[in-house]
Structure formats: C-alpha cells, structure tokens
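Listing of upload_35.pdb, PDB, C-alpha atoms
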MODEL        1
ATOM      1  CA  MET A   8     -44.587   1.911  48.634
ATOM      2  CA  PHE A   9     -45.349   5.447  47.466
ATOM      3  CA  SER A  10     -44.566   4.733  43.816
ATOM      4  CA  SER A  11     -47.182   1.963  43.645
ATOM      5  CA  PHE A  12     -49.698   4.167  45.455
ATOM      6  CA  ALA A  13     -49.081   7.021  43.000
ATOM      7  CA  PHE A  14     -49.146   4.811  39.907
ATOM      8  CA  LYS A  15     -52.590   3.454  40.812
ATOM      9  CA  ILE A  16     -53.916   7.004  41.048
ATOM     10  CA  PHE A  17     -52.334   7.846  37.697
ATOM     11  CA  GLN A  18     -54.036   4.806  36.155
ATOM     12  CA  GLU A  19     -57.358   5.888  37.650
ATOM     13  CA  SER A  20     -56.983   9.351  36.129
ATOM     14  CA  ILE A  21     -56.005   7.970  32.720
ATOM     15  CA  ASN A  22     -58.861   5.454  32.652
ATOM     16  CA  THR A  23     -61.397   8.089  33.697
ATOM     17  CA  TYR A  24     -60.175  10.508  31.011
ATOM     18  CA  HIS A  25     -60.508   7.870  28.303
ATOM     19  CA  ILE A  26     -64.151   7.164  29.084
ATOM     20  CA  LYS A  27     -64.946  10.323  27.098
ATOM     21  CA  ASP A  28     -61.496  10.806  25.533
ATOM     22  CA  ASP A  29     -62.120  14.515  25.042
ATOM     23  CA  VAL A  30     -59.616  17.256  25.919
ATOM     24  CA  TYR A  31     -62.513  19.639  26.609
ATOM     25  CA  GLN A  32     -64.351  17.417  29.071
ATOM     26  CA  GLU A  33     -65.072  18.696  32.563
ATOM     27  CA  PHE A  34     -62.527  17.807  35.226
ATOM     28  CA  THR A  35     -63.640  16.448  38.588
ATOM     29  CA  ASN A  36     -61.172  15.448  41.270
ATOM     30  CA  PRO A  37     -62.518  12.550  43.381
ATOM     31  CA  TYR A  38     -60.061  13.174  46.234
ATOM     32  CA  PRO A  39     -60.235  15.739  49.080
ATOM     33  CA  LYS A  40     -58.103  18.850  48.604
ATOM     34  CA  ASP A  41     -56.102  18.214  51.761
ATOM     35  CA  LYS A  42     -54.860  14.814  50.562
ATOM     36  CA  VAL A  43     -51.786  14.090  48.433
ATOM     37  CA  GLU A  44     -54.064  11.915  46.284
ATOM     38  CA  HIS A  45     -55.756  15.130  45.142
ATOM     39  CA  LEU A  46     -52.435  16.506  43.886
ATOM     40  CA  LEU A  47     -51.429  13.251  42.190
ATOM     41  CA  TYR A  48     -54.771  12.866  40.407
ATOM     42  CA  ARG A  49     -54.746  16.483  39.224
ATOM     43  CA  LYS A  50     -51.113  16.177  38.114
ATOM     44  CA  ASN A  51     -51.804  13.166  35.928
ATOM     45  CA  TRP A  52     -55.003  14.660  34.498
ATOM     46  CA  ILE A  53     -52.973  17.654  33.305
ATOM     47  CA  ASP A  54     -50.438  15.281  31.745
ATOM     48  CA  THR A  55     -53.179  13.221  30.094
ATOM     49  CA  VAL A  56     -54.930  16.208  28.543
ATOM     50  CA  GLN A  57     -51.613  17.610  27.353
ATOM     51  CA  TRP A  58     -50.699  14.232  25.822
ATOM     52  CA  HIS A  59     -53.775  14.552  23.620
ATOM     53  CA  TYR A  60     -53.148  18.243  22.917
ATOM     54  CA  GLU A  61     -49.781  17.159  21.521
ATOM     55  CA  ASP A  62     -51.493  14.582  19.290
ATOM     56  CA  ILE A  63     -53.981  17.128  17.964
ATOM     57  CA  ILE A  64     -51.438  19.854  17.211
ATOM     58  CA  ARG A  65     -49.442  17.434  15.040
ATOM     59  CA  ASP A  66     -52.330  17.064  12.599
ATOM     60  CA  PRO A  67     -50.823  18.269   9.282
ATOM     61  CA  GLU A  68     -54.252  19.587   8.276
ATOM     62  CA  ILE A  69     -54.826  21.646  11.433
ATOM     63  CA  ASN A  70     -56.026  25.198  10.898
ATOM     64  CA  PRO A  71     -53.188  27.624  11.813
ATOM     65  CA  VAL A  72     -55.517  29.673  14.033
ATOM     66  CA  ASP A  73     -56.577  26.526  15.879
ATOM     67  CA  ALA A  74     -52.939  25.489  16.182
ATOM     68  CA  LEU A  75     -52.005  28.810  17.774
ATOM     69  CA  GLU A  76     -54.874  28.531  20.239
ATOM     70  CA  LEU A  77     -53.784  25.007  21.074
ATOM     71  CA  LYS A  78     -50.177  26.141  21.559
ATOM     72  CA  ARG A  79     -51.440  28.629  24.151
ATOM     73  CA  LYS A  80     -53.283  25.798  25.906
ATOM     74  CA  ILE A  81     -50.114  23.687  25.920
ATOM     75  CA  ASP A  82     -48.147  26.606  27.413
ATOM     76  CA  ALA A  83     -50.758  27.023  30.156
ATOM     77  CA  SER A  84     -50.772  23.271  30.746
ATOM     78  CA  ASN A  85     -46.996  23.258  31.167
ATOM     79  CA  GLN A  86     -47.267  25.988  33.781
ATOM     80  CA  ASP A  87     -49.994  24.059  35.626
ATOM     81  CA  ARG A  88     -47.839  20.936  35.499
ATOM     82  CA  THR A  89     -44.870  22.781  37.013
ATOM     83  CA  ASP A  90     -47.067  24.243  39.756
ATOM     84  CA  LEU A  91     -48.401  20.798  40.671
ATOM     85  CA  VAL A  92     -44.885  19.362  40.881
ATOM     86  CA  GLU A  93     -43.961  22.118  43.327
ATOM     87  CA  TYR A  94     -47.095  21.458  45.402
ATOM     88  CA  ILE A  95     -46.220  17.750  45.586
ATOM     89  CA  ASP A  96     -42.669  18.580  46.652
ATOM     90  CA  GLY A  97     -44.184  20.897  49.255
ATOM     91  CA  TYR A  98     -46.084  17.902  50.614
ATOM     92  CA  PHE A  99     -42.845  15.928  51.004
ATOM     93  CA  LEU A 100     -41.030  18.889  52.567
ATOM     94  CA  ASP A 101     -43.775  19.263  55.155
ATOM     95  CA  LYS A 102     -43.961  15.513  55.794
ATOM     96  CA  HIS A 103     -40.233  15.280  56.508
ATOM     97  CA  LYS A 104     -39.679  18.651  58.147
ATOM     98  CA  ASN A 105     -38.820  17.072  61.507
ATOM     99  CA  VAL A 106     -36.371  14.498  60.142
ATOM    100  CA  GLU A 107     -32.883  14.854  61.598
ATOM    101  CA  VAL A 108     -30.625  15.183  58.574
ATOM    102  CA  LYS A 109     -27.325  13.336  58.937
ATOM    103  CA  ALA A 110     -24.092  15.289  58.669
ATOM    104  CA  ASP A 111     -23.051  13.347  55.576
ATOM    105  CA  ALA A 112     -26.490  13.548  53.876
ATOM    106  CA  THR A 113     -26.490  14.362  50.187
ATOM    107  CA  ILE A 114     -28.975  16.010  47.857
ATOM    108  CA  ASN A 115     -30.477  14.106  44.935
ATOM    109  CA  THR A 116     -30.180  15.187  41.311
ATOM    110  CA  GLU A 117     -33.958  15.679  41.205
ATOM    111  CA  SER A 118     -36.626  16.151  43.831
ATOM    112  CA  PRO A 119     -39.164  13.421  44.644
ATOM    113  CA  ALA A 120     -41.956  15.205  42.777
ATOM    114  CA  TRP A 121     -39.962  15.582  39.570
ATOM    115  CA  ALA A 122     -39.278  11.844  39.660
ATOM    116  CA  ILE A 123     -42.997  11.268  40.238
ATOM    117  CA  ASP A 124     -43.676  13.561  37.272
ATOM    118  CA  ARG A 125     -41.680  11.115  35.151
ATOM    119  CA  LEU A 126     -43.724   8.230  36.573
ATOM    120  CA  SER A 127     -46.955  10.006  35.578
ATOM    121  CA  ILE A 128     -45.739  10.395  31.993
ATOM    122  CA  LEU A 129     -44.573   6.785  32.009
ATOM    123  CA  ALA A 130     -48.070   5.673  33.035
ATOM    124  CA  LEU A 131     -49.395   7.422  29.919
ATOM    125  CA  LYS A 132     -46.779   5.805  27.691
ATOM    126  CA  ILE A 133     -47.665   2.366  29.048
ATOM    127  CA  TYR A 134     -51.396   2.946  28.579
ATOM    128  CA  HIS A 135     -51.056   4.064  24.984
ATOM    129  CA  MET A 136     -48.482   1.451  24.051
ATOM    130  CA  GLN A 137     -50.818  -1.209  25.449
ATOM    131  CA  GLU A 138     -53.525   0.243  23.197
ATOM    132  CA  GLU A 139     -51.235  -0.300  20.209
ATOM    133  CA  VAL A 140     -50.504  -3.876  21.273
ATOM    134  CA  ASP A 141     -54.242  -4.552  21.574
ATOM    135  CA  ARG A 142     -55.157  -3.154  18.148
ATOM    136  CA  THR A 143     -56.983  -5.538  15.854
ATOM    137  CA  ASP A 144     -56.476  -3.405  12.730
ATOM    138  CA  ALA A 145     -52.657  -3.299  12.894
ATOM    139  CA  SER A 146     -50.133  -5.561  11.219
ATOM    140  CA  ALA A 147     -48.407  -8.383  13.064
ATOM    141  CA  ASP A 148     -45.124  -6.512  12.635
ATOM    142  CA  HIS A 149     -46.590  -3.406  14.291
ATOM    143  CA  ILE A 150     -47.943  -5.455  17.198
ATOM    144  CA  GLU A 151     -44.579  -7.169  17.685
ATOM    145  CA  LYS A 152     -42.648  -3.878  17.693
ATOM    146  CA  CYS A 153     -45.083  -2.305  20.140
ATOM    147  CA  SER A 154     -44.972  -5.364  22.383
ATOM    148  CA  LYS A 155     -41.192  -5.014  22.630
ATOM    149  CA  LYS A 156     -41.532  -1.301  23.400
ATOM    150  CA  LEU A 157     -44.143  -2.069  26.043
ATOM    151  CA  SER A 158     -41.773  -4.535  27.671
ATOM    152  CA  VAL A 159     -39.094  -1.823  27.869
ATOM    153  CA  LEU A 160     -41.587   0.652  29.356
ATOM    154  CA  LEU A 161     -42.642  -1.845  32.017
ATOM    155  CA  ASP A 162     -39.000  -2.453  32.866
ATOM    156  CA  GLN A 163     -38.479   1.295  33.096
ATOM    157  CA  LYS A 164     -41.488   1.540  35.432
ATOM    158  CA  LYS A 165     -39.934  -1.062  37.719
ATOM    159  CA  ASP A 166     -36.603   0.779  37.841
ATOM    160  CA  LEU A 167     -38.093   4.249  38.259
ATOM    161  CA  SER A 168     -40.486   3.064  40.973
ATOM    162  CA  SER A 169     -37.609   1.476  42.869
ATOM    163  CA  ALA A 170     -35.542   4.667  42.589
ATOM    164  CA  ILE A 171     -38.424   6.836  43.848
ATOM    165  CA  ASP A 172     -39.092   4.595  46.822
ATOM    166  CA  GLN A 173     -35.383   4.436  47.677
ATOM    167  CA  LEU A 174     -35.109   8.228  47.526
ATOM    168  CA  LEU A 175     -38.085   8.657  49.847
ATOM    169  CA  GLU A 176     -36.676   6.077  52.255
ATOM    170  CA  ASP A 177     -33.338   7.902  52.290
ATOM    171  CA  ILE A 178     -35.073  11.241  52.968
ATOM    172  CA  GLU A 179     -37.058   9.694  55.822
ATOM    173  CA  ALA A 180     -33.818   8.263  57.270
ATOM    174  CA  GLY A 181     -31.956  11.584  56.958
ATOM    175  CA  LYS A 182     -29.531  10.162  54.402
ATOM    176  CA  LYS A 183     -30.794  12.531  51.717
ATOM    177  CA  TYR A 184     -32.234  16.007  51.977
ATOM    178  CA  MET A 185     -34.333  17.940  49.534
ATOM    179  CA  LYS A 186     -34.855  21.495  48.402
ATOM    180  CA  VAL A 187     -37.553  22.967  46.195
ATOM    181  CA  TYR A 188     -36.246  25.377  43.605
ATOM    182  CA  LYS A 189     -39.227  27.311  42.322
ATOM    183  CA  GLN A 190     -39.249  27.040  38.544
ATOM    184  CA  MET A 191     -38.208  30.453  37.298
ATOM    185  CA  LYS A 192     -39.816  30.129  33.892
ATOM    186  CA  MET A 193     -39.087  33.314  32.033
ATOM    187  CA  TYR A 194     -41.197  32.959  28.907
ATOM    188  CA  ASN A 195     -44.530  33.375  30.748
ATOM    189  CA  ASP A 196     -43.420  36.450  32.706
ATOM    190  CA  ASP A 197     -44.127  39.810  31.087
ATOM    191  CA  GLU A 198     -41.220  41.315  33.029
ATOM    192  CA  LEU A 199     -38.692  38.679  31.931
ATOM    193  CA  ASN A 200     -39.773  37.772  28.399
ATOM    194  CA  PRO A 201     -38.563  40.645  26.167
ATOM    195  CA  VAL A 202     -41.365  40.043  23.639
ATOM    196  CA  LEU A 203     -44.066  40.347  26.303
ATOM    197  CA  ARG A 204     -42.265  43.239  27.986
ATOM    198  CA  GLY A 205     -42.268  45.113  24.709
ATOM    199  CA  GLN A 206     -46.056  44.807  24.469
ATOM    200  CA  LYS A 207     -46.722  46.447  27.835
ATOM    201  CA  GLY A 208     -48.077  49.945  28.002
TER
ENDMDL
END

Can you dump the structure from the file as structure tokens?
Amino acid sequence: MFSSFAFKIFQESINTYHIKDDVYQEFTNPYPKDKVEHLLYRKNWIDTVQWHYEDIIRDPEINPVDALELKRKIDASNQDRTDLVEYIDGYFLDKHKNVEVKADATINTESPAWAIDRLSILALKIYHMQEEVDRTDASADHIEKCSKKLSVLLDQKKDLSSAIDQLLEDIEAGKKYMKVYKQMKMYNDDELNPVLRGQKG
C-alpha cells in the first residue's frame, strides 16, 4: 500500500535528521531524482526542519532580529512544502493519465498529495510524542498523558493511511478523478501582495 511505503520513507527522513538534530545541517537525498521516493523524502525533510524552526521561534528569549530571520525561513519552507505537494500530485496525475474515468466518478475533497502531506506531519507528531513517552526525566503523569496522546495519533495514522490507499484505489479504478490546483499564494508575490508591490521601483 502506498501509505505504508510513504510512511517508511518519512520515518527514514525523520531518523536521519535527528542524528544531528540541527536545522542548519546539510541535506542529502538518498533517492534518485526520477523516483517518487525522492519527492517523499524531500517533502518530509522540509516538514522536519520546519517543525524545529517552529520550536525555536517560540523561545521567549529569542532575539527579535533572529526571530525575523527565522520567520523568513519558515515562509520559504512553506513555499517549498507547497511546491513538493504539487510535484507529488503531478506524479499521480502522470501515473493515472490513461485511466478511463467512469461517467459517475467524483472528485475528492483533497488531492492524494495533500493527504500524504498530512501523513508526513503525522509521522513527525508520532516521533516526537514517542520521545515524550520515553523520557526518563518526566513525571509519571506526563508520561501517562503522552501515552494516551500517542495512542490517538497511532489510531489517526491507521485511519488516514486507509483513506489515502482507498482514494488511490478509487483513482486507479476510475471511480475518482483528481485535479491539481496550483496554490495561488498571494503573500509571496510582489505583484499580488500590496506591501511588496509598494516596495517595487
């Protein structure tokens, strides 16, 4: 199943990141560029780095200049994340381009890649909640609460994985069809963001 395949790659990315656990470490993709594994690994690496950006920027003692620089990095990361989702959807569009779509086929509320995006974030939540469960310096109450949260996350993983695989099966069978709506983010565009537009010239 594709969800299981993707989740293993997400886990590989997360585990590799945490060897150094440094947002500024060099990124190396172990998969060939022409493989979907390459996109999945890169997608999760972006999510993992951004997860830790979000931790850092919440430091109440952070220098305002450093915080602004970090906010710019988060903005760029969000754009990269969106681009990767569209590339992954492009992979599915190409893979299923010859499928005969049934007359009564319906479109899903979200594309396969946006559901996989949620699975990537869920992999990070599970990893870090497991870290909390495994802490030896936390109270028993903390461990118990985190164990219950971890159980919910694992249940969510099961449900989301099933939904992703069902969606892909329906697309392959022509029961569902998909479109890719390019994300028309306005705040990064100096023609669409009035603040940036005002700075031109």

> Rounded to one decimal in Å, what is the spacing between CA of Ile81 (chain A) and CA of Lys165 (chain A)?
Replying inline: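 Taking CA of Ile81 (chain A) as the start and CA of Lys165 (chain A) as the end point, the length is 29.2 Å.
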
> Between A:Ile133, A:Val140, A:Ala180, A:Val30, which is the closest to Gln163 (chain A) once you count all atoms listed in the file?
Replying inline: A:Ile133

Would you write out, as CSV, a table of all residues in region 126-174 of chain A that have an atom no more than 12 Å from an atom of region 57-72 of chain A, listing for each the closest atom pair and the distance in Å to one decimal, considering all atoms listed in the file and ordering rows by chain and rising residue number?
residue,atom,partner,partner_atom,distance
A:Ser127,CA,A:Trp58,CA,11.3
A:Ile128,CA,A:Trp58,CA,8.8
A:Leu129,CA,A:Trp58,CA,11.5
A:Ala130,CA,A:Trp58,CA,11.5
A:Leu131,CA,A:Trp58,CA,8.1
A:Lys132,CA,A:Trp58,CA,9.5
A:Tyr134,CA,A:Trp58,CA,11.6
A:His135,CA,A:Trp58,CA,10.2

Could you save the residues just selected, with C-alpha atoms, as a PDB file, keeping the file's coordinate frame?
ATOM      1  CA  SER A 127     -46.955  10.006  35.578  1.00  0.00           C
ATOM      2  CA  ILE A 128     -45.739  10.395  31.993  1.00  0.00           C
ATOM      3  CA  LEU A 129     -44.573   6.785  32.009  1.00  0.00           C
ATOM      4  CA  ALA A 130     -48.070   5.673  33.035  1.00  0.00           C
ATOM      5  CA  LEU A 131     -49.395   7.422  29.919  1.00  0.00           C
ATOM      6  CA  LYS A 132     -46.779   5.805  27.691  1.00  0.00           C
ATOM      7  CA  TYR A 134     -51.396   2.946  28.579  1.00  0.00           C
ATOM      8  CA  HIS A 135     -51.056   4.064  24.984  1.00  0.00           C
TER       9      HIS A 135
END

>> Translate the PyMOL selection byres ((chain A and resi 20) around 12) into a concrete residue list for this structure, as a PyMOL selection string.
In response: chain A and resi 13-19+21-26+28+34-38+44-56+127+130-131+134

>> Which residues would end up in the selection if the PyMOL selection byres ((chain A and resi 99) around 12) were applied here, given that I need the answer as number ranges by chain?
In response: A: 9, 43, 46, 92-98, 100-106, 118-121, 123, 174-176, 178-179, 184-187

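Atom to atom, CA of Leu91 (chain A) and CA of Leu161 (chain A) stand 24.9 Å apart.
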
>> With distances taken over all atoms listed in the file, which residue among A:Lys27, A:Arg125, A:Lys42, A:Lys78 lies nearest Leu167 (chain A)?
In response: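 Among A:Lys27, A:Arg125, A:Lys42, A:Lys78, it is A:Arg125 that comes nearest to Leu167 (chain A).
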